[in-house]
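**Q** Below is the file model_32.cif, with mmCIF, C-alpha atoms.
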```cif
data_final
loop_
_atom_site.group_PDB
_atom_site.id
_atom_site.type_symbol
_atom_site.label_atom_id
_atom_site.label_comp_id
_atom_site.auth_asym_id
_atom_site.auth_seq_id
_atom_site.Cartn_x
_atom_site.Cartn_y
_atom_site.Cartn_z
ATOM 1 C CA MET A 1 50.658 69.275 -199.272
ATOM 2 C CA LYS A 2 49.713 72.902 -198.650
ATOM 3 C CA ILE A 3 52.171 75.767 -198.285
ATOM 4 C CA HIS A 4 51.154 79.101 -196.765
ATOM 5 C CA SER A 5 53.637 81.979 -196.414
ATOM 6 C CA GLN A 6 53.434 85.396 -194.840
ATOM 7 C CA THR A 7 55.956 88.090 -194.036
ATOM 8 C CA MET A 8 56.171 90.582 -191.214
ATOM 9 C CA GLU A 9 58.383 93.562 -190.508
ATOM 10 C CA LEU A 10 60.136 94.251 -187.208
ATOM 11 C CA ALA A 11 61.618 97.634 -186.331
ATOM 12 C CA GLY A 12 65.064 97.621 -184.754
ATOM 13 C CA THR A 13 67.366 99.966 -182.908
ATOM 14 C CA ALA A 14 71.143 100.273 -182.900
ATOM 15 C CA GLY A 15 71.512 97.602 -180.218
ATOM 16 C CA THR A 16 70.773 93.912 -179.893
ATOM 17 C CA ASP A 17 67.010 93.720 -180.343
ATOM 18 C CA VAL A 18 65.117 90.624 -179.244
ATOM 19 C CA HIS A 19 61.648 90.228 -180.747
ATOM 20 C CA GLU A 20 59.389 87.528 -179.302
ATOM 21 C CA VAL A 21 57.274 86.335 -182.267
ATOM 22 C CA THR A 22 55.671 83.107 -181.045
ATOM 23 C CA GLY A 23 52.149 84.567 -181.138
ATOM 24 C CA GLN A 24 52.575 85.935 -184.652
ATOM 25 C CA VAL A 25 53.892 82.574 -185.893
ATOM 26 C CA ALA A 26 51.012 80.728 -184.206
ATOM 27 C CA ARG A 27 48.506 83.072 -185.909
ATOM 28 C CA VAL A 28 50.042 82.369 -189.325
ATOM 29 C CA VAL A 29 49.786 78.626 -188.675
ATOM 30 C CA ALA A 30 46.156 78.988 -187.524
ATOM 31 C CA GLY A 31 45.309 81.007 -190.647
ATOM 32 C CA SER A 32 47.020 78.531 -192.934
ATOM 33 C CA GLY A 33 44.555 75.710 -192.347
ATOM 34 C CA ILE A 34 47.488 73.346 -191.828
ATOM 35 C CA SER A 35 46.880 70.801 -189.102
ATOM 36 C CA ASP A 36 50.044 68.725 -189.271
ATOM 37 C CA GLY A 37 53.410 69.687 -190.741
ATOM 38 C CA SER A 38 55.954 72.347 -189.887
ATOM 39 C CA VAL A 39 56.540 76.063 -189.949
ATOM 40 C CA LEU A 40 59.746 77.752 -191.017
ATOM 41 C CA VAL A 41 60.679 81.141 -189.564
ATOM 42 C CA PHE A 42 63.425 82.841 -191.603
ATOM 43 C CA THR A 43 64.977 86.299 -191.590
ATOM 44 C CA PRO A 44 66.852 87.395 -194.717
ATOM 45 C CA GLY A 45 70.123 89.170 -194.008
ATOM 46 C CA SER A 46 73.455 88.381 -192.419
ATOM 47 C CA THR A 47 73.157 90.334 -189.142
ATOM 48 C CA ALA A 48 69.985 88.785 -187.673
ATOM 49 C CA ALA A 49 69.053 85.359 -186.354
ATOM 50 C CA VAL A 50 66.130 83.200 -185.258
ATOM 51 C CA THR A 51 66.209 80.929 -182.210
ATOM 52 C CA THR A 52 64.213 79.714 -179.236
ATOM 53 C CA ILE A 53 64.744 80.652 -175.615
ATOM 54 C CA GLU A 54 62.553 81.423 -172.645
ATOM 55 C CA HIS A 55 61.319 85.017 -172.957
ATOM 56 C CA GLU A 56 62.384 85.904 -169.413
ATOM 57 C CA SER A 57 64.578 88.836 -168.428
ATOM 58 C CA GLY A 58 67.244 86.674 -166.775
ATOM 59 C CA CYS A 59 67.577 84.350 -169.784
ATOM 60 C CA LEU A 60 67.698 87.286 -172.175
ATOM 61 C CA SER A 61 70.320 89.050 -170.043
ATOM 62 C CA ASP A 62 72.397 85.867 -169.943
ATOM 63 C CA LEU A 63 72.113 85.464 -173.724
ATOM 64 C CA ARG A 64 73.233 89.066 -174.303
ATOM 65 C CA ARG A 65 76.168 88.580 -171.927
ATOM 66 C CA LEU A 66 77.197 85.355 -173.684
ATOM 67 C CA LEU A 67 77.061 87.043 -177.085
ATOM 68 C CA ASP A 68 79.084 89.996 -175.744
ATOM 69 C CA GLU A 69 81.732 87.535 -174.549
ATOM 70 C CA LEU A 70 81.809 85.551 -177.818
ATOM 71 C CA ALA A 71 81.624 88.499 -180.214
ATOM 72 C CA PRO A 72 82.092 91.817 -178.368
ATOM 73 C CA PRO A 73 80.933 94.942 -180.231
ATOM 74 C CA ASP A 74 84.287 96.631 -179.584
ATOM 75 C CA GLY A 75 86.367 93.684 -180.812
ATOM 76 C CA GLU A 76 88.729 93.790 -183.775
ATOM 77 C CA TYR A 77 87.156 92.341 -186.907
ATOM 78 C CA ALA A 78 88.592 92.038 -190.411
ATOM 79 C CA HIS A 79 85.113 92.848 -191.730
ATOM 80 C CA ASN A 80 85.269 96.272 -190.072
ATOM 81 C CA LEU A 81 88.673 96.968 -191.599
ATOM 82 C CA ARG A 82 87.386 96.146 -195.057
ATOM 83 C CA TRP A 83 83.994 97.864 -194.949
ATOM 84 C CA GLY A 84 84.332 100.381 -192.117
ATOM 85 C CA ASP A 85 80.758 99.786 -190.923
ATOM 86 C CA GLY A 86 81.638 98.512 -187.441
ATOM 87 C CA ASN A 87 79.224 95.583 -187.509
ATOM 88 C CA GLY A 88 81.640 92.669 -187.787
ATOM 89 C CA TYR A 89 80.389 91.366 -184.448
ATOM 90 C CA SER A 90 76.803 91.394 -185.792
ATOM 91 C CA HIS A 91 77.691 89.023 -188.616
ATOM 92 C CA LEU A 92 79.419 86.597 -186.242
ATOM 93 C CA ARG A 93 76.514 86.565 -183.768
ATOM 94 C CA ALA A 94 74.059 85.902 -186.581
ATOM 95 C CA ALA A 95 76.237 83.116 -187.964
ATOM 96 C CA LEU A 96 76.401 81.440 -184.547
ATOM 97 C CA LEU A 97 72.614 81.283 -184.148
ATOM 98 C CA GLY A 98 71.528 81.022 -187.801
ATOM 99 C CA PRO A 99 68.852 82.766 -189.883
ATOM 100 C CA SER A 100 66.036 80.227 -189.522
ATOM 101 C CA LEU A 101 64.123 77.880 -187.281
ATOM 102 C CA THR A 102 61.728 75.054 -188.109
ATOM 103 C CA VAL A 103 59.014 74.113 -185.619
ATOM 104 C CA PRO A 104 56.711 71.087 -185.926
ATOM 105 C CA VAL A 105 52.953 71.656 -186.158
ATOM 106 C CA ALA A 106 50.545 69.061 -184.746
ATOM 107 C CA GLY A 107 46.807 69.481 -184.434
ATOM 108 C CA GLY A 108 47.150 73.014 -185.804
ATOM 109 C CA GLN A 109 49.412 74.029 -182.890
ATOM 110 C CA LEU A 110 53.121 74.799 -182.629
ATOM 111 C CA VAL A 111 54.999 71.993 -180.898
ATOM 112 C CA LEU A 112 57.078 73.962 -178.398
ATOM 113 C CA GLY A 113 58.174 73.313 -174.837
ATOM 114 C CA THR A 114 56.366 75.064 -171.995
ATOM 115 C CA TRP A 115 58.938 77.855 -171.671
ATOM 116 C CA GLN A 116 60.165 77.867 -175.261
ATOM 117 C CA GLN A 117 59.406 80.951 -177.328
ATOM 118 C CA ILE A 118 60.461 81.912 -180.855
ATOM 119 C CA MET A 119 62.794 84.912 -181.004
ATOM 120 C CA VAL A 120 64.119 87.024 -183.847
ATOM 121 C CA LEU A 121 67.357 88.763 -182.859
ATOM 122 C CA ASP A 122 68.645 91.810 -184.711
ATOM 123 C CA PHE A 123 72.337 92.365 -183.999
ATOM 124 C CA ASP A 124 73.136 95.227 -186.354
ATOM 125 C CA ASN A 125 74.695 98.412 -185.018
ATOM 126 C CA ARG A 126 72.210 100.668 -186.803
ATOM 127 C CA PRO A 127 68.416 100.843 -186.753
ATOM 128 C CA ARG A 128 66.764 98.839 -189.499
ATOM 129 C CA SER A 129 63.560 97.124 -190.429
ATOM 130 C CA ARG A 130 63.775 93.327 -190.440
ATOM 131 C CA ARG A 131 61.689 91.190 -192.724
ATOM 132 C CA VAL A 132 60.662 87.819 -191.323
ATOM 133 C CA VAL A 133 59.250 85.107 -193.576
ATOM 134 C CA ILE A 134 56.913 82.578 -191.968
ATOM 135 C CA SER A 135 56.149 79.555 -194.144
ATOM 136 C CA ALA A 136 53.827 76.792 -192.944
ATOM 137 C CA GLN A 137 53.691 73.545 -194.875
ATOM 138 C CA GLY A 138 51.770 70.346 -194.376
ATOM 139 C CA GLU A 139 48.288 68.871 -194.484
#
```
Represent the structure of the file as structure tokens.
**A**
Amino acid sequence: MKIHSQTMELAGTAGTDVHEVTGQVARVVAGSGISDGSVLVFTPGSTAAVTTIEHESGCLSDLRRLLDELAPPDGEYAHNLRWGDGNGYSHLRAALLGPSLTVPVAGGQLVLGTWQQIMVLDFDNRPRSRRVVISAQGE
């Protein structure tokens, strides 16, 4: 079994940033020489997440609205009381979606639905650079 890993950096703002990374992940898989297996997309940190959704303005607006309802930025969070950084909501949003995603690879291609794209979401309330680890494994 082969394993091929690469990292990339994504610049963020002080809001909820949604980065569509399907093309970058597909290029890593193509460069790996792996025909069949899987690819893991992972972002280190506790205020970012990786998921799939259609990269369409309505879907993204709906996702932001849902996250605002579940974990509003102006909510009361014990984390904020302890650390005073105001990003308690960011941690909860990231925990709901999770830091990683695994996608099957068949014939050297990502196995995704027609309207399914890979997204990295940065929820932190301050600008930061996000590292994303892409690790393809297989034959």
**Q** Separation of CA of Val133 (chain A) and CA of Phe42 (chain A), in Å?
**A**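 That distance, rounded to one decimal, is 5.1 Å.
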**Q** A:Thr102, A:Thr16, A:Thr114, A:Thr52: which is nearest Asp68 (chain A), counting only C-alpha atoms?
**A**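 Among the listed residues, A:Thr16 lies closest to Asp68 (chain A).
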**Q** Applying the PyMOL selection byres ((chain A and resi 117) around 10) to the file I just gave you, which residues come out? Please list them as a PyMOL selection string.
**A** chain A and resi 20-23+51-56+112-116+118-119
**Q** Take the selection from the previous step and output its residues with C-alpha atoms, as a PDB file, keeping the file's coordinate frame.
**A**
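Resulting contents of out_14.pdb:
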```pdb
ATOM      1  CA  GLU A  20      59.389  87.528-179.302  1.00  0.00           C
ATOM      2  CA  VAL A  21      57.274  86.335-182.267  1.00  0.00           C
ATOM      3  CA  THR A  22      55.671  83.107-181.045  1.00  0.00           C
ATOM      4  CA  GLY A  23      52.149  84.567-181.138  1.00  0.00           C
ATOM      5  CA  THR A  51      66.209  80.929-182.210  1.00  0.00           C
ATOM      6  CA  THR A  52      64.213  79.714-179.236  1.00  0.00           C
ATOM      7  CA  ILE A  53      64.744  80.652-175.615  1.00  0.00           C
ATOM      8  CA  GLU A  54      62.553  81.423-172.645  1.00  0.00           C
ATOM      9  CA  HIS A  55      61.319  85.017-172.957  1.00  0.00           C
ATOM     10  CA  GLU A  56      62.384  85.904-169.413  1.00  0.00           C
ATOM     11  CA  LEU A 112      57.078  73.962-178.398  1.00  0.00           C
ATOM     12  CA  GLY A 113      58.174  73.313-174.837  1.00  0.00           C
ATOM     13  CA  THR A 114      56.366  75.064-171.995  1.00  0.00           C
ATOM     14  CA  TRP A 115      58.938  77.855-171.671  1.00  0.00           C
ATOM     15  CA  GLN A 116      60.165  77.867-175.261  1.00  0.00           C
ATOM     16  CA  ILE A 118      60.461  81.912-180.855  1.00  0.00           C
ATOM     17  CA  MET A 119      62.794  84.912-181.004  1.00  0.00           C
TER      18      MET A 119
END
```
**Q** Give me, please, the distance in Å between CA of Gln24 (chain A) and CA of Arg131 (chain A), quoted to one decimal.
**A**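 A separation of 13.3 Å between them.
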**Q** Tell me, as a VMD selection string, which residues lie within 12 Å of Ala49 (chain A), counting all atoms listed in the file; anything in the same chain fewer than 4 positions away does not count.
**A** chain A and resid 16 to 19 41 to 45 90 to 101 118 to 124 130 to 132
**Q** Convert the output of the PyMOL selection byres ((chain A and resi 27-34) around 7) on the shown file into explicit residues, formatted as a ChimeraX atom specification.
**A** /A:4,23-26,35-36,108,136-139
**Q** To one decimal place in Å, what is the distance between CA of Lys2 (chain A) and CA of Val105 (chain A)?
**A** 13.0 Å
**Q** As AutoDock Vina command-line options, what would the box around region 123-134 of chain A look like: edges along x, y and z, 6 Å added on every side, centre and edge lengths in Å to one decimal?
**A**
```
--center_x 65.8 --center_y 91.7 --center_z -188.8 --size_x 29.8 --size_y 30.3 --size_z 21.6
```
**Q** Expand the PyMOL selection byres ((chain A and resi 103) around 6) into the explicit residue set it covers here, and present it as a ChimeraX atom specification.
**A** /A:38-39,102,104
**Q** Those selected residues, please, written with C-alpha atoms and delivered as an mmCIF file, in the frame of the given file.
**A**
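And here's selection.cif as it stands now:
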```
data_model
loop_
_atom_site.group_PDB
_atom_site.id
_atom_site.type_symbol
_atom_site.label_atom_id
_atom_site.label_comp_id
_atom_site.auth_asym_id
_atom_site.auth_seq_id
_atom_site.Cartn_x
_atom_site.Cartn_y
_atom_site.Cartn_z
ATOM 1 C CA SER A 38 55.954 72.347 -189.887
ATOM 2 C CA VAL A 39 56.540 76.063 -189.949
ATOM 3 C CA THR A 102 61.728 75.054 -188.109
ATOM 4 C CA PRO A 104 56.711 71.087 -185.926
#
```
**Q** Any chance you could build region 70-97 of chain A out to N, CA and C atoms and write it as a PDB file, in the frame of the given file?
**A**
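File rebuild.pdb, as written:
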```pdb
ATOM      1  N   LEU A  70      81.390  86.258-176.601  1.00  0.00           N
ATOM      2  CA  LEU A  70      81.809  85.551-177.818  1.00  0.00           C
ATOM      3  C   LEU A  70      82.182  86.497-178.951  1.00  0.00           C
ATOM      4  N   ALA A  71      81.398  87.547-179.112  1.00  0.00           N
ATOM      5  CA  ALA A  71      81.624  88.499-180.214  1.00  0.00           C
ATOM      6  C   ALA A  71      81.344  89.916-179.695  1.00  0.00           C
ATOM      7  N   PRO A  72      82.305  90.488-178.953  1.00  0.00           N
ATOM      8  CA  PRO A  72      82.092  91.817-178.368  1.00  0.00           C
ATOM      9  C   PRO A  72      82.001  92.907-179.442  1.00  0.00           C
ATOM     10  N   PRO A  73      81.087  93.863-179.248  1.00  0.00           N
ATOM     11  CA  PRO A  73      80.933  94.942-180.231  1.00  0.00           C
ATOM     12  C   PRO A  73      82.221  95.732-180.468  1.00  0.00           C
ATOM     13  N   ASP A  74      83.053  95.842-179.451  1.00  0.00           N
ATOM     14  CA  ASP A  74      84.287  96.631-179.584  1.00  0.00           C
ATOM     15  C   ASP A  74      85.497  95.782-179.964  1.00  0.00           C
ATOM     16  N   GLY A  75      85.270  94.551-180.400  1.00  0.00           N
ATOM     17  CA  GLY A  75      86.367  93.684-180.812  1.00  0.00           C
ATOM     18  C   GLY A  75      86.964  94.123-182.142  1.00  0.00           C
ATOM     19  N   GLU A  76      88.083  93.503-182.492  1.00  0.00           N
ATOM     20  CA  GLU A  76      88.729  93.790-183.775  1.00  0.00           C
ATOM     21  C   GLU A  76      88.271  92.751-184.792  1.00  0.00           C
ATOM     22  N   TYR A  77      87.708  93.233-185.888  1.00  0.00           N
ATOM     23  CA  TYR A  77      87.156  92.341-186.907  1.00  0.00           C
ATOM     24  C   TYR A  77      87.668  92.752-188.283  1.00  0.00           C
ATOM     25  N   ALA A  78      88.119  91.772-189.059  1.00  0.00           N
ATOM     26  CA  ALA A  78      88.592  92.038-190.411  1.00  0.00           C
ATOM     27  C   ALA A  78      87.488  92.660-191.261  1.00  0.00           C
ATOM     28  N   HIS A  79      86.247  92.270-190.995  1.00  0.00           N
ATOM     29  CA  HIS A  79      85.113  92.848-191.730  1.00  0.00           C
ATOM     30  C   HIS A  79      85.074  94.365-191.549  1.00  0.00           C
ATOM     31  N   ASN A  80      85.289  94.825-190.336  1.00  0.00           N
ATOM     32  CA  ASN A  80      85.269  96.272-190.072  1.00  0.00           C
ATOM     33  C   ASN A  80      86.390  96.990-190.814  1.00  0.00           C
ATOM     34  N   LEU A  81      87.547  96.356-190.892  1.00  0.00           N
ATOM     35  CA  LEU A  81      88.673  96.968-191.599  1.00  0.00           C
ATOM     36  C   LEU A  81      88.363  97.105-193.091  1.00  0.00           C
ATOM     37  N   ARG A  82      87.688  96.113-193.630  1.00  0.00           N
ATOM     38  CA  ARG A  82      87.386  96.146-195.057  1.00  0.00           C
ATOM     39  C   ARG A  82      86.255  97.111-195.394  1.00  0.00           C
ATOM     40  N   TRP A  83      85.190  97.099-194.609  1.00  0.00           N
ATOM     41  CA  TRP A  83      83.994  97.864-194.949  1.00  0.00           C
ATOM     42  C   TRP A  83      83.798  99.117-194.107  1.00  0.00           C
ATOM     43  N   GLY A  84      84.429  99.193-192.951  1.00  0.00           N
ATOM     44  CA  GLY A  84      84.332 100.381-192.117  1.00  0.00           C
ATOM     45  C   GLY A  84      82.966 100.619-191.500  1.00  0.00           C
ATOM     46  N   ASP A  85      82.110  99.585-191.456  1.00  0.00           N
ATOM     47  CA  ASP A  85      80.758  99.786-190.923  1.00  0.00           C
ATOM     48  C   ASP A  85      80.604  99.381-189.459  1.00  0.00           C
ATOM     49  N   GLY A  86      81.645  98.808-188.870  1.00  0.00           N
ATOM     50  CA  GLY A  86      81.638  98.512-187.441  1.00  0.00           C
ATOM     51  C   GLY A  86      80.704  97.407-186.994  1.00  0.00           C
ATOM     52  N   ASN A  87      80.168  96.619-187.925  1.00  0.00           N
ATOM     53  CA  ASN A  87      79.224  95.583-187.509  1.00  0.00           C
ATOM     54  C   ASN A  87      79.751  94.157-187.701  1.00  0.00           C
ATOM     55  N   GLY A  88      81.057  94.006-187.664  1.00  0.00           N
ATOM     56  CA  GLY A  88      81.640  92.669-187.787  1.00  0.00           C
ATOM     57  C   GLY A  88      81.089  91.715-186.744  1.00  0.00           C
ATOM     58  N   TYR A  89      80.931  92.204-185.518  1.00  0.00           N
ATOM     59  CA  TYR A  89      80.389  91.366-184.448  1.00  0.00           C
ATOM     60  C   TYR A  89      78.959  90.894-184.773  1.00  0.00           C
ATOM     61  N   SER A  90      78.187  91.738-185.447  1.00  0.00           N
ATOM     62  CA  SER A  90      76.803  91.394-185.792  1.00  0.00           C
ATOM     63  C   SER A  90      76.748  90.182-186.718  1.00  0.00           C
ATOM     64  N   HIS A  91      77.638  90.144-187.683  1.00  0.00           N
ATOM     65  CA  HIS A  91      77.691  89.023-188.616  1.00  0.00           C
ATOM     66  C   HIS A  91      78.048  87.725-187.894  1.00  0.00           C
ATOM     67  N   LEU A  92      79.007  87.804-186.966  1.00  0.00           N
ATOM     68  CA  LEU A  92      79.419  86.597-186.242  1.00  0.00           C
ATOM     69  C   LEU A  92      78.306  86.076-185.336  1.00  0.00           C
ATOM     70  N   ARG A  93      77.622  86.985-184.637  1.00  0.00           N
ATOM     71  CA  ARG A  93      76.514  86.565-183.768  1.00  0.00           C
ATOM     72  C   ARG A  93      75.413  85.890-184.589  1.00  0.00           C
ATOM     73  N   ALA A  94      75.097  86.479-185.724  1.00  0.00           N
ATOM     74  CA  ALA A  94      74.059  85.902-186.581  1.00  0.00           C
ATOM     75  C   ALA A  94      74.484  84.529-187.105  1.00  0.00           C
ATOM     76  N   ALA A  95      75.754  84.399-187.455  1.00  0.00           N
ATOM     77  CA  ALA A  95      76.237  83.116-187.964  1.00  0.00           C
ATOM     78  C   ALA A  95      76.188  82.033-186.886  1.00  0.00           C
ATOM     79  N   LEU A  96      76.445  82.412-185.643  1.00  0.00           N
ATOM     80  CA  LEU A  96      76.401  81.440-184.547  1.00  0.00           C
ATOM     81  C   LEU A  96      74.998  80.876-184.334  1.00  0.00           C
ATOM     82  N   LEU A  97      73.985  81.720-184.424  1.00  0.00           N
ATOM     83  CA  LEU A  97      72.614  81.283-184.148  1.00  0.00           C
ATOM     84  C   LEU A  97      71.863  80.836-185.397  1.00  0.00           C
TER      85      LEU A  97
END
```
